[in-house]
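File shown: structure_17.pdb (PDB, C-alpha atoms).
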ATOM      1  CA  MET A   1     -24.563  60.215 -46.766
ATOM      2  CA  ILE A   2     -23.297  63.758 -46.211
ATOM      3  CA  VAL A   3     -25.181  66.642 -47.834
ATOM      4  CA  ILE A   4     -23.306  69.861 -48.631
ATOM      5  CA  THR A   5     -25.218  73.086 -49.174
ATOM      6  CA  ALA A   6     -23.650  76.139 -50.854
ATOM      7  CA  PRO A   7     -20.920  73.953 -52.413
ATOM      8  CA  THR A   8     -19.571  76.619 -54.774
ATOM      9  CA  GLY A   9     -18.877  79.412 -52.253
ATOM     10  CA  ASN A  10     -15.640  80.303 -50.472
ATOM     11  CA  ILE A  11     -16.186  77.698 -47.751
ATOM     12  CA  GLY A  12     -18.304  75.150 -49.591
ATOM     13  CA  ARG A  13     -15.962  74.584 -52.539
ATOM     14  CA  ARG A  14     -13.050  73.980 -50.184
ATOM     15  CA  LEU A  15     -15.154  71.636 -48.059
ATOM     16  CA  LEU A  16     -16.343  69.739 -51.124
ATOM     17  CA  SER A  17     -12.776  69.203 -52.292
ATOM     18  CA  LEU A  18     -11.737  67.898 -48.863
ATOM     19  CA  LEU A  19     -14.707  65.550 -48.584
ATOM     20  CA  VAL A  20     -14.426  64.131 -52.112
ATOM     21  CA  GLU A  21     -10.886  63.120 -51.199
ATOM     22  CA  ALA A  22     -11.610  61.826 -47.689
ATOM     23  CA  ALA A  23     -15.178  60.447 -47.755
ATOM     24  CA  PRO A  24     -14.511  57.091 -49.488
ATOM     25  CA  ALA A  25     -12.193  55.985 -46.686
ATOM     26  CA  TYR A  26     -15.022  56.656 -44.226
ATOM     27  CA  GLY A  27     -17.651  54.895 -46.320
ATOM     28  CA  GLU A  28     -19.529  58.178 -46.814
ATOM     29  CA  GLU A  29     -21.390  59.169 -49.956
ATOM     30  CA  LEU A  30     -21.731  62.839 -50.874
ATOM     31  CA  ARG A  31     -24.661  64.868 -52.162
ATOM     32  CA  VAL A  32     -24.657  68.578 -52.991
ATOM     33  CA  VAL A  33     -27.489  71.092 -53.291
ATOM     34  CA  VAL A  34     -26.752  73.689 -55.945
ATOM     35  CA  ARG A  35     -28.746  76.077 -58.106
ATOM     36  CA  ASP A  36     -26.423  75.695 -61.097
ATOM     37  CA  PRO A  37     -24.784  72.251 -61.407
ATOM     38  CA  ALA A  38     -22.397  73.638 -64.040
ATOM     39  CA  ARG A  39     -20.593  75.475 -61.250
ATOM     40  CA  ILE A  40     -19.490  72.199 -59.653
ATOM     41  CA  PRO A  41     -15.876  71.645 -60.805
ATOM     42  CA  ASP A  42     -15.328  68.757 -63.195
ATOM     43  CA  ALA A  43     -12.661  67.367 -60.877
ATOM     44  CA  VAL A  44     -15.195  66.615 -58.134
ATOM     45  CA  ARG A  45     -18.483  66.224 -60.048
ATOM     46  CA  GLY A  46     -18.017  62.492 -60.499
ATOM     47  CA  GLY A  47     -17.760  61.992 -56.758
ATOM     48  CA  VAL A  48     -21.065  63.561 -55.789
ATOM     49  CA  GLU A  49     -24.780  63.244 -56.328
ATOM     50  CA  VAL A  50     -26.320  66.567 -57.382
ATOM     51  CA  VAL A  51     -29.681  67.928 -56.271
ATOM     52  CA  THR A  52     -30.558  71.028 -58.281
ATOM     53  CA  GLY A  53     -32.352  73.880 -56.553
ATOM     54  CA  SER A  54     -32.212  76.276 -53.608
ATOM     55  CA  HIS A  55     -31.674  74.846 -50.137
ATOM     56  CA  GLY A  56     -34.224  77.381 -48.927
ATOM     57  CA  ASP A  57     -36.920  75.558 -50.923
ATOM     58  CA  PRO A  58     -39.010  72.892 -49.112
ATOM     59  CA  ALA A  59     -39.206  70.519 -52.089
ATOM     60  CA  THR A  60     -35.468  70.776 -52.750
ATOM     61  CA  VAL A  61     -34.407  70.045 -49.173
ATOM     62  CA  GLY A  62     -36.982  67.261 -49.038
ATOM     63  CA  ARG A  63     -35.158  65.543 -51.908
ATOM     64  CA  ALA A  64     -31.713  66.449 -50.641
ATOM     65  CA  PHE A  65     -32.138  65.210 -47.067
ATOM     66  CA  THR A  66     -33.794  61.864 -47.890
ATOM     67  CA  GLY A  67     -31.403  59.228 -46.587
ATOM     68  CA  ALA A  68     -28.938  61.822 -45.285
ATOM     69  CA  ASP A  69     -26.989  61.232 -42.085
ATOM     70  CA  ALA A  70     -25.239  64.610 -41.891
ATOM     71  CA  VAL A  71     -25.676  68.052 -43.440
ATOM     72  CA  PHE A  72     -23.367  71.028 -43.876
ATOM     73  CA  TRP A  73     -25.572  74.109 -43.584
ATOM     74  CA  LEU A  74     -24.599  77.550 -44.874
ATOM     75  CA  VAL A  75     -27.083  80.334 -45.566
ATOM     76  CA  PRO A  76     -26.099  82.649 -48.423
ATOM     77  CA  PRO A  77     -26.967  86.112 -47.033
ATOM     78  CA  ASP A  78     -29.618  87.792 -49.156
ATOM     79  CA  ALA A  79     -29.490  91.586 -48.873
ATOM     80  CA  SER A  80     -32.950  91.874 -50.415
ATOM     81  CA  LEU A  81     -34.489  90.407 -47.234
ATOM     82  CA  THR A  82     -34.662  91.343 -43.568
ATOM     83  CA  PRO A  83     -32.054  89.612 -41.374
ATOM     84  CA  GLU A  84     -34.721  87.320 -39.875
ATOM     85  CA  GLU A  85     -35.980  86.348 -43.333
ATOM     86  CA  ALA A  86     -32.440  85.885 -44.642
ATOM     87  CA  TYR A  87     -31.393  83.506 -41.852
ATOM     88  CA  SER A  88     -34.254  81.849 -39.956
ATOM     89  CA  GLY A  89     -36.766  82.325 -42.761
ATOM     90  CA  PHE A  90     -34.442  80.646 -45.241
ATOM     91  CA  THR A  91     -33.654  77.845 -42.760
ATOM     92  CA  ARG A  92     -37.174  76.882 -41.600
ATOM     93  CA  PRO A  93     -37.879  74.455 -44.487
ATOM     94  CA  ALA A  94     -34.563  72.720 -43.803
ATOM     95  CA  ALA A  95     -35.214  72.496 -40.054
ATOM     96  CA  ARG A  96     -38.535  70.769 -40.777
ATOM     97  CA  ALA A  97     -36.823  68.466 -43.282
ATOM     98  CA  PHE A  98     -34.078  67.548 -40.777
ATOM     99  CA  ALA A  99     -36.761  66.195 -38.450
ATOM    100  CA  ALA A 100     -38.907  64.628 -41.173
ATOM    101  CA  HIS A 101     -36.013  62.701 -42.716
ATOM    102  CA  GLY A 102     -34.195  61.766 -39.522
ATOM    103  CA  VAL A 103     -30.990  63.684 -40.230
ATOM    104  CA  GLY A 104     -28.660  62.944 -37.336
ATOM    105  CA  ARG A 105     -26.019  65.661 -37.401
ATOM    106  CA  VAL A 106     -25.778  69.178 -38.800
ATOM    107  CA  VAL A 107     -22.718  71.426 -38.985
ATOM    108  CA  GLY A 108     -23.617  75.066 -39.626
ATOM    109  CA  VAL A 109     -21.700  78.233 -40.399
ATOM    110  CA  SER A 110     -22.442  80.838 -37.734
ATOM    111  CA  ALA A 111     -20.737  83.583 -35.745
ATOM    112  CA  LEU A 112     -18.984  84.403 -32.513
ATOM    113  CA  GLY A 113     -20.804  86.294 -29.785
ATOM    114  CA  ARG A 114     -23.229  83.846 -28.156
ATOM    115  CA  GLY A 115     -23.576  84.561 -24.446
ATOM    116  CA  THR A 116     -22.034  88.020 -24.659
ATOM    117  CA  PRO A 117     -23.823  91.257 -23.678
ATOM    118  CA  LEU A 118     -23.746  92.281 -27.352
ATOM    119  CA  ALA A 119     -25.325  89.112 -28.766
ATOM    120  CA  GLY A 120     -28.863  90.475 -28.772
ATOM    121  CA  ARG A 121     -28.040  93.689 -30.637
ATOM    122  CA  ALA A 122     -25.510  92.542 -33.196
ATOM    123  CA  GLY A 123     -27.642  92.644 -36.337
ATOM    124  CA  LEU A 124     -26.743  89.838 -38.746
ATOM    125  CA  VAL A 125     -24.908  87.996 -35.986
ATOM    126  CA  THR A 126     -28.037  88.079 -33.812
ATOM    127  CA  ALA A 127     -29.991  86.686 -36.762
ATOM    128  CA  SER A 128     -27.380  83.959 -37.276
ATOM    129  CA  LEU A 129     -27.533  82.923 -33.613
ATOM    130  CA  ALA A 130     -31.335  82.713 -33.849
ATOM    131  CA  MET A 131     -30.878  80.431 -36.868
ATOM    132  CA  ASP A 132     -28.654  78.193 -34.736
ATOM    133  CA  ASP A 133     -31.426  77.924 -32.137
ATOM    134  CA  LEU A 134     -33.928  77.012 -34.849
ATOM    135  CA  ILE A 135     -31.696  74.196 -36.093
ATOM    136  CA  ALA A 136     -30.963  72.943 -32.583
ATOM    137  CA  ASP A 137     -34.693  72.870 -31.787
ATOM    138  CA  SER A 138     -35.272  70.498 -34.721
ATOM    139  CA  GLY A 139     -33.769  67.689 -32.659
ATOM    140  CA  VAL A 140     -30.526  67.129 -34.573
ATOM    141  CA  ALA A 141     -27.080  67.009 -33.036
ATOM    142  CA  TYR A 142     -25.689  70.393 -34.017
ATOM    143  CA  ARG A 143     -22.347  72.129 -34.110
ATOM    144  CA  ALA A 144     -22.334  75.830 -34.973
ATOM    145  CA  LEU A 145     -19.001  76.962 -36.377
ATOM    146  CA  ALA A 146     -18.549  80.249 -34.512
ATOM    147  CA  ASN A 147     -16.533  82.444 -36.840
ATOM    148  CA  PRO A 148     -15.145  85.974 -36.692
ATOM    149  CA  SER A 149     -14.768  88.035 -39.880
ATOM    150  CA  PHE A 150     -13.126  86.264 -42.819
ATOM    151  CA  PHE A 151      -9.784  87.087 -44.419
ATOM    152  CA  GLU A 152     -11.640  86.643 -47.724
ATOM    153  CA  ASN A 153     -13.610  89.859 -47.138
ATOM    154  CA  LEU A 154     -10.447  91.650 -48.244
ATOM    155  CA  LEU A 155     -10.778  90.218 -51.748
ATOM    156  CA  GLU A 156     -13.534  92.782 -52.304
ATOM    157  CA  GLU A 157     -10.839  95.423 -51.733
ATOM    158  CA  ALA A 158      -8.440  94.064 -54.374
ATOM    159  CA  ASP A 159      -9.111  96.937 -56.810
ATOM    160  CA  SER A 160      -8.635  99.588 -54.140
ATOM    161  CA  ILE A 161      -5.470  97.940 -52.834
ATOM    162  CA  ARG A 162      -3.973  97.810 -56.317
ATOM    163  CA  GLU A 163      -5.055 101.259 -57.463
ATOM    164  CA  ASN A 164      -4.832 103.289 -54.242
ATOM    165  CA  GLY A 165      -2.955 101.150 -51.726
ATOM    166  CA  VAL A 166      -5.979 101.430 -49.429
ATOM    167  CA  PHE A 167      -8.502  99.118 -47.794
ATOM    168  CA  THR A 168     -11.467 100.263 -45.729
ATOM    169  CA  ASP A 169     -13.668  99.003 -42.934
ATOM    170  CA  THR A 170     -15.531 100.474 -39.967
ATOM    171  CA  ALA A 171     -13.342  99.132 -37.143
ATOM    172  CA  ALA A 172     -11.001 101.283 -35.088
ATOM    173  CA  ALA A 173      -7.561 101.158 -36.674
ATOM    174  CA  ASP A 174      -5.862  99.914 -33.517
ATOM    175  CA  ARG A 175      -8.505  97.425 -32.291
ATOM    176  CA  PRO A 176      -7.239  93.823 -32.474
ATOM    177  CA  ALA A 177      -9.801  91.153 -33.314
ATOM    178  CA  PRO A 178      -9.734  87.541 -34.475
ATOM    179  CA  LEU A 179      -9.970  86.779 -38.191
ATOM    180  CA  VAL A 180     -10.176  83.459 -40.011
ATOM    181  CA  ALA A 181      -9.465  81.931 -43.393
ATOM    182  CA  ALA A 182     -12.287  80.138 -45.219
ATOM    183  CA  ALA A 183     -10.005  77.124 -45.647
ATOM    184  CA  ASP A 184      -9.819  76.685 -41.866
ATOM    185  CA  ILE A 185     -13.605  76.760 -41.567
ATOM    186  CA  ALA A 186     -13.869  74.141 -44.307
ATOM    187  CA  ALA A 187     -11.303  71.891 -42.625
ATOM    188  CA  THR A 188     -13.110  72.126 -39.290
ATOM    189  CA  ALA A 189     -16.433  71.334 -40.955
ATOM    190  CA  ALA A 190     -14.948  68.341 -42.772
ATOM    191  CA  ALA A 191     -13.575  66.863 -39.561
ATOM    192  CA  LEU A 192     -16.942  67.205 -37.819
ATOM    193  CA  LEU A 193     -18.934  65.805 -40.738
ATOM    194  CA  LEU A 194     -16.719  62.719 -40.941
ATOM    195  CA  ASP A 195     -16.880  62.136 -37.165
ATOM    196  CA  ARG A 196     -19.997  60.222 -36.117
ATOM    197  CA  SER A 197     -19.183  60.245 -32.397
ATOM    198  CA  TRP A 198     -20.428  63.666 -31.295
ATOM    199  CA  THR A 199     -23.885  64.381 -29.966
ATOM    200  CA  GLY A 200     -25.860  67.260 -28.469
ATOM    201  CA  VAL A 201     -25.676  70.919 -29.328
ATOM    202  CA  GLY A 202     -22.654  73.195 -29.126
ATOM    203  CA  SER A 203     -20.507  75.764 -30.871
ATOM    204  CA  VAL A 204     -16.963  75.419 -32.152
ATOM    205  CA  PRO A 205     -14.924  78.646 -32.414
ATOM    206  CA  VAL A 206     -12.780  78.754 -35.555
ATOM    207  CA  LEU A 207     -10.095  81.408 -35.212
ATOM    208  CA  GLY A 208      -6.925  82.493 -36.906
ATOM    209  CA  PRO A 209      -3.690  82.165 -34.928
ATOM    210  CA  GLN A 210      -3.704  85.733 -33.577
ATOM    211  CA  ASP A 211      -5.850  88.829 -33.163
ATOM    212  CA  LEU A 212      -5.004  91.583 -35.643
ATOM    213  CA  SER A 213      -5.961  95.241 -35.871
ATOM    214  CA  PRO A 214      -6.548  96.916 -39.251
ATOM    215  CA  ASP A 215      -3.178  98.640 -38.826
ATOM    216  CA  ASP A 216      -1.551  95.233 -38.225
ATOM    217  CA  MET A 217      -3.190  93.957 -41.394
ATOM    218  CA  ALA A 218      -1.972  96.966 -43.386
ATOM    219  CA  ARG A 219       1.600  96.338 -42.242
ATOM    220  CA  ILE A 220       1.469  92.639 -43.135
ATOM    221  CA  MET A 221      -0.182  93.316 -46.490
ATOM    222  CA  SER A 222       2.499  95.882 -47.310
ATOM    223  CA  GLU A 223       5.198  93.321 -46.560
ATOM    224  CA  GLU A 224       3.590  90.465 -48.501
ATOM    225  CA  LEU A 225       2.454  92.513 -51.508
ATOM    226  CA  GLY A 226       5.669  94.487 -51.781
ATOM    227  CA  ARG A 227       3.801  97.798 -51.957
ATOM    228  CA  PRO A 228       2.514 100.216 -49.295
ATOM    229  CA  VAL A 229      -1.006  99.501 -48.064
ATOM    230  CA  ARG A 230      -2.828 101.627 -45.505
ATOM    231  CA  TYR A 231      -6.147 101.453 -43.710
ATOM    232  CA  GLU A 232      -8.880 104.067 -43.944
ATOM    233  CA  ARG A 233     -11.703 103.907 -41.451
ATOM    234  CA  GLU A 234     -15.202 104.422 -42.804
ATOM    235  CA  SER A 235     -17.960 105.636 -40.499
ATOM    236  CA  LEU A 236     -21.054 103.525 -39.934
ATOM    237  CA  ASP A 237     -23.114 106.344 -41.456
ATOM    238  CA  GLN A 238     -20.967 106.236 -44.604
ATOM    239  CA  MET A 239     -21.366 102.474 -44.834
ATOM    240  CA  ARG A 240     -25.127 102.757 -44.363
ATOM    241  CA  SER A 241     -25.451 105.412 -47.074
ATOM    242  CA  THR A 242     -23.350 103.439 -49.547
ATOM    243  CA  MET A 243     -25.335 100.235 -49.036
ATOM    244  CA  LEU A 244     -28.709 101.988 -49.243
ATOM    245  CA  ALA A 245     -27.592 103.644 -52.474
ATOM    246  CA  TYR A 246     -27.238 100.149 -53.951
ATOM    247  CA  GLY A 247     -30.916  99.586 -53.221
ATOM    248  CA  LEU A 248     -30.422  96.948 -50.521
ATOM    249  CA  ASN A 249     -33.142  96.088 -48.010
ATOM    250  CA  GLU A 250     -33.111  98.771 -45.316
ATOM    251  CA  ALA A 251     -33.506  96.272 -42.469
ATOM    252  CA  PHE A 252     -30.640  94.171 -43.839
ATOM    253  CA  VAL A 253     -28.459  97.275 -44.064
ATOM    254  CA  GLU A 254     -29.252  98.120 -40.441
ATOM    255  CA  GLY A 255     -28.339  94.535 -39.580
ATOM    256  CA  MET A 256     -24.945  95.060 -41.204
ATOM    257  CA  VAL A 257     -24.457  98.360 -39.352
ATOM    258  CA  ASP A 258     -25.430  96.797 -36.014
ATOM    259  CA  MET A 259     -23.075  93.884 -36.621
ATOM    260  CA  LYS A 260     -20.158  96.181 -37.457
ATOM    261  CA  ARG A 261     -20.883  98.326 -34.400
ATOM    262  CA  ALA A 262     -20.982  95.269 -32.132
ATOM    263  CA  LYS A 263     -17.735  93.926 -33.553
ATOM    264  CA  ASP A 264     -16.038  97.268 -32.910
ATOM    265  CA  LEU A 265     -17.285  97.078 -29.320
ATOM    266  CA  GLY A 266     -15.605  93.685 -28.892
ATOM    267  CA  LEU A 267     -18.258  91.148 -29.938
ATOM    268  CA  ASP A 268     -15.624  88.725 -31.270
ATOM    269  CA  SER A 269     -13.065  89.248 -28.512
ATOM    270  CA  GLY A 270     -12.216  87.130 -25.511
ATOM    271  CA  VAL A 271     -12.587  83.669 -27.062
ATOM    272  CA  ALA A 272      -9.867  81.273 -25.948
ATOM    273  CA  ARG A 273      -7.943  79.631 -28.765
ATOM    274  CA  SER A 274      -7.872  75.852 -28.661
ATOM    275  CA  PRO A 275      -6.474  73.196 -31.005
ATOM    276  CA  GLN A 276      -8.315  73.124 -34.337
ATOM    277  CA  ALA A 277      -8.763  70.488 -37.039
ATOM    278  CA  VAL A 278      -5.740  71.885 -38.876
ATOM    279  CA  PRO A 279      -3.104  74.459 -37.918
ATOM    280  CA  ALA A 280      -4.729  77.875 -38.243
ATOM    281  CA  THR A 281      -3.785  79.823 -41.370
ATOM    282  CA  GLY A 282      -1.736  82.923 -40.583
ATOM    283  CA  PHE A 283      -2.637  86.224 -42.189
ATOM    284  CA  ALA A 284       0.766  86.616 -43.869
ATOM    285  CA  GLN A 285       0.421  83.138 -45.363
ATOM    286  CA  TRP A 286      -3.081  83.951 -46.606
ATOM    287  CA  CYS A 287      -1.906  87.229 -48.141
ATOM    288  CA  ALA A 288       0.886  85.457 -50.015
ATOM    289  CA  GLN A 289      -1.299  82.600 -51.255
ATOM    290  CA  ILE A 290      -4.682  84.258 -51.872
ATOM    291  CA  LEU A 291      -4.608  88.058 -51.723
ATOM    292  CA  LYS A 292      -1.405  88.686 -53.680
ATOM    293  CA  PRO A 293      -2.498  86.641 -56.726
ATOM    294  CA  ALA A 294      -5.897  88.379 -56.634
ATOM    295  CA  VAL A 295      -4.321  91.841 -56.574
ATOM    296  CA  LEU A 296      -1.817  90.922 -59.284
ATOM    297  CA  ALA A 297      -4.522  89.305 -61.421
ATOM    298  CA  THR A 298      -6.548  92.491 -61.181
ATOM    299  CA  SER A 299      -3.508  94.517 -62.159
ATOM    300  CA  GLU A 300      -2.656  92.262 -65.100
ATOM    301  CA  ALA A 301      -6.271  92.310 -66.346
ATOM    302  CA  VAL A 302      -6.297  96.121 -66.309
ATOM    303  CA  ASP A 303      -2.914  96.304 -68.017
ATOM    304  CA  ALA A 304      -4.101  93.897 -70.719
ATOM    305  CA  HIS A 305      -7.244  95.927 -71.254
TER     306      HIS A 305
END
Would you mind giving the structure from this file in structure tokens?
Amino acid sequence: MIVITAPTGNIGRRLLSLLVEAAPAYGEELRVVVRDPARIPDAVRGGVEVVTGSHGDPATVGRAFTGADAVFWLVPPDASLTPEEAYSGFTRPAARAFAAHGVGRVVGVSALGRGTPLAGRAGLVTASLAMDDLIADSGVAYRALANPSFFENLLEEADSIRENGVFTDTAAADRPAPLVAAADIAATAAALLLDRSWTGVGSVPVLGPQDLSPDDMARIMSEELGRPVRYERESLDQMRSTMLAYGLNEAFVEGMVDMKRAKDLGLDSGVARSPQAVPATGFAQWCAQILKPAVLATSEAVDAH
């Protein structure tokens, strides 16, 4: 029995699709934990058992982890909480349930940076690494998927790319850094969840095929979208002010700022690339398959309106 948390998000829905296809050949049954079962696609709903509720709730994880051999763990960041509450606080009921129900293996979504000088002052990343320690201390075999920033973050910029030909972030325009597609994280998680041979605690870096700077990304986006796209750097102070204006938790906002600062100082750099579960998705490929339809869909929706 494999339990999948957050099965409707960018990573979870891709993982669920992979496992529904592959699990029968491995003799694995699947169970998902979801707040709204209606969000589970019809195409996969028949292949899974559904536990309704939040995986941050003790009663829900108690039901979900009964009889489970492996769990995919992903915390949905909650900007109304402090970073510690959002990560370790959310995870504590699950960590207790792992031990109580004898869960053997857990695969969790985490971040790069462990063991670096920046790890202790990297905001949300620091909180994520502390969550990893909490899970590992529960006694399970654990693999933390150590991820850089996601390609999918750019989907939030689809309107700006269409309307202004601009995307923004806080990184230096010429600083290369690793980036990853959600599909690659899902594929790596699926391979680990279906493999019963690994033990102990460790992290698995999941990286795209090359480091890219924001200027590199702008060039590739321009080529794939067939329209000029440029990068505008936003200051950390600007980012902080914007997020606070939305009424987000001040400590969470500072966690975002600290994470962005650490990434710009090289938090994600220096990790050796090694063979992954599937060939890493290139940024140009991702732009053609995911970003371009999103930008065009936005454009078409506006035109129709």
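Counting all atoms listed in the file, the residue from A:Val295, A:Ala25, A:Leu18, A:Ala262 that sits nearest to A:Val125 is A:Ala262.
The two atoms in question, atom CA of A:Val109 and atom CA of A:Arg96, are spaced 18.4 Å apart.
For the atom pair formed by atom CA of A:Asp78 and atom CA of A:Thr242, the distance is 16.9 Å, given to one decimal.
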Test item: residues at most 12 Å from A:Gly120, only C-alpha atoms, excluding those fewer than 3 positions along its chain, as a list in words: Gly113, Arg114, Gly115, Thr116, Pro117, Gly123, Leu124, Val125, Thr126, Ala127, Ser128, Leu129, Ala130, Gly255, Asp258, Met259, Ala262 and Leu267 of chain A
Listing only residues of stretch 124-171 of chain A within 7 Å of stretch 231-238 of chain A, what is the closest atom pair and its distance in Å (to one decimal) for each, using only C-alpha atoms, sorted by chain and residue number ascending, as JSON lines?
{"residue": "A:Val166", "atom": "CA", "partner": "A:Tyr231", "partner_atom": "CA", "distance": 5.7}
{"residue": "A:Phe167", "atom": "CA", "partner": "A:Tyr231", "partner_atom": "CA", "distance": 5.3}
{"residue": "A:Thr168", "atom": "CA", "partner": "A:Glu232", "partner_atom": "CA", "distance": 4.9}
{"residue": "A:Asp169", "atom": "CA", "partner": "A:Arg233", "partner_atom": "CA", "distance": 5.5}
{"residue": "A:Thr170", "atom": "CA", "partner": "A:Glu234", "partner_atom": "CA", "distance": 4.9}
{"residue": "A:Ala171", "atom": "CA", "partner": "A:Arg233", "partner_atom": "CA", "distance": 6.6}
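Taken over the shown file, the PyMOL selection byres ((chain A and resi 224) around 8) identifies A:Ile220, A:Met221, A:Ser222, A:Glu223, A:Leu225, A:Gly226, A:Ala284, A:Cys287, A:Ala288, A:Lys292.
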Restricting it to C-alpha atoms, dump the selection as a PDB file, in the coordinates of the input.
ATOM      1  CA  ILE A 220       1.469  92.639 -43.135  1.00  0.00           C
ATOM      2  CA  MET A 221      -0.182  93.316 -46.490  1.00  0.00           C
ATOM      3  CA  SER A 222       2.499  95.882 -47.310  1.00  0.00           C
ATOM      4  CA  GLU A 223       5.198  93.321 -46.560  1.00  0.00           C
ATOM      5  CA  LEU A 225       2.454  92.513 -51.508  1.00  0.00           C
ATOM      6  CA  GLY A 226       5.669  94.487 -51.781  1.00  0.00           C
ATOM      7  CA  ALA A 284       0.766  86.616 -43.869  1.00  0.00           C
ATOM      8  CA  CYS A 287      -1.906  87.229 -48.141  1.00  0.00           C
ATOM      9  CA  ALA A 288       0.886  85.457 -50.015  1.00  0.00           C
ATOM     10  CA  LYS A 292      -1.405  88.686 -53.680  1.00  0.00           C
TER      11      LYS A 292
END
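Taking atom CA of A:Ala68 and atom CA of A:Thr188 as the two end points, the separation is 19.8 Å.
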field: Residue nearest A:Tyr87 - candidates A:Leu192, A:Leu134, A:Ala100, A:Val48, atoms counted: all atoms listed in the file
entry: A:Leu134
Reconstructed N, CA, C and O atoms for stretch 44-56 of chain A, given as a CSV table (one decimal), in the frame of the given file:
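Dumped to selection-v4.csv:
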chain,number,residue,atom,x,y,z
A,44,VAL,N,-14.5,67.2,-59.3
A,44,VAL,CA,-15.2,66.6,-58.1
A,44,VAL,C,-16.6,66.1,-58.5
A,44,VAL,O,-17.2,65.4,-57.7
A,45,ARG,N,-17.1,66.5,-59.7
A,45,ARG,CA,-18.5,66.2,-60.0
A,45,ARG,C,-18.8,64.7,-60.0
A,45,ARG,O,-19.9,64.3,-59.7
A,46,GLY,N,-17.8,63.9,-60.4
A,46,GLY,CA,-18.0,62.5,-60.5
A,46,GLY,C,-18.1,61.8,-59.1
A,46,GLY,O,-18.6,60.7,-59.0
A,47,GLY,N,-17.7,62.6,-58.1
A,47,GLY,CA,-17.8,62.0,-56.8
A,47,GLY,C,-19.0,62.4,-55.9
A,47,GLY,O,-19.0,62.1,-54.7
A,48,VAL,N,-19.9,63.1,-56.6
A,48,VAL,CA,-21.1,63.6,-55.8
A,48,VAL,C,-22.4,63.4,-56.5
A,48,VAL,O,-22.4,63.3,-57.8
A,49,GLU,N,-23.4,63.2,-55.8
A,49,GLU,CA,-24.8,63.2,-56.3
A,49,GLU,C,-25.3,64.7,-56.3
A,49,GLU,O,-25.0,65.4,-55.3
A,50,VAL,N,-25.9,65.2,-57.3
A,50,VAL,CA,-26.3,66.6,-57.4
A,50,VAL,C,-27.8,66.7,-57.3
A,50,VAL,O,-28.6,66.0,-58.0
A,51,VAL,N,-28.3,67.5,-56.3
A,51,VAL,CA,-29.7,67.9,-56.3
A,51,VAL,C,-29.7,69.4,-56.7
A,51,VAL,O,-29.1,70.2,-56.1
A,52,THR,N,-30.5,69.7,-57.7
A,52,THR,CA,-30.6,71.0,-58.3
A,52,THR,C,-31.7,71.8,-57.6
A,52,THR,O,-32.8,71.3,-57.5
A,53,GLY,N,-31.4,73.0,-57.2
A,53,GLY,CA,-32.4,73.9,-56.6
A,53,GLY,C,-31.8,74.7,-55.4
A,53,GLY,O,-30.6,74.6,-55.2
A,54,SER,N,-32.6,75.5,-54.8
A,54,SER,CA,-32.2,76.3,-53.6
A,54,SER,C,-32.4,75.5,-52.3
A,54,SER,O,-33.5,74.9,-52.1
A,55,HIS,N,-31.5,75.6,-51.4
A,55,HIS,CA,-31.7,74.8,-50.1
A,55,HIS,C,-32.6,75.6,-49.2
A,55,HIS,O,-32.8,75.2,-48.1
A,56,GLY,N,-33.2,76.7,-49.7
A,56,GLY,CA,-34.2,77.4,-48.9
A,56,GLY,C,-35.6,76.9,-49.4
A,56,GLY,O,-36.6,77.4,-48.8
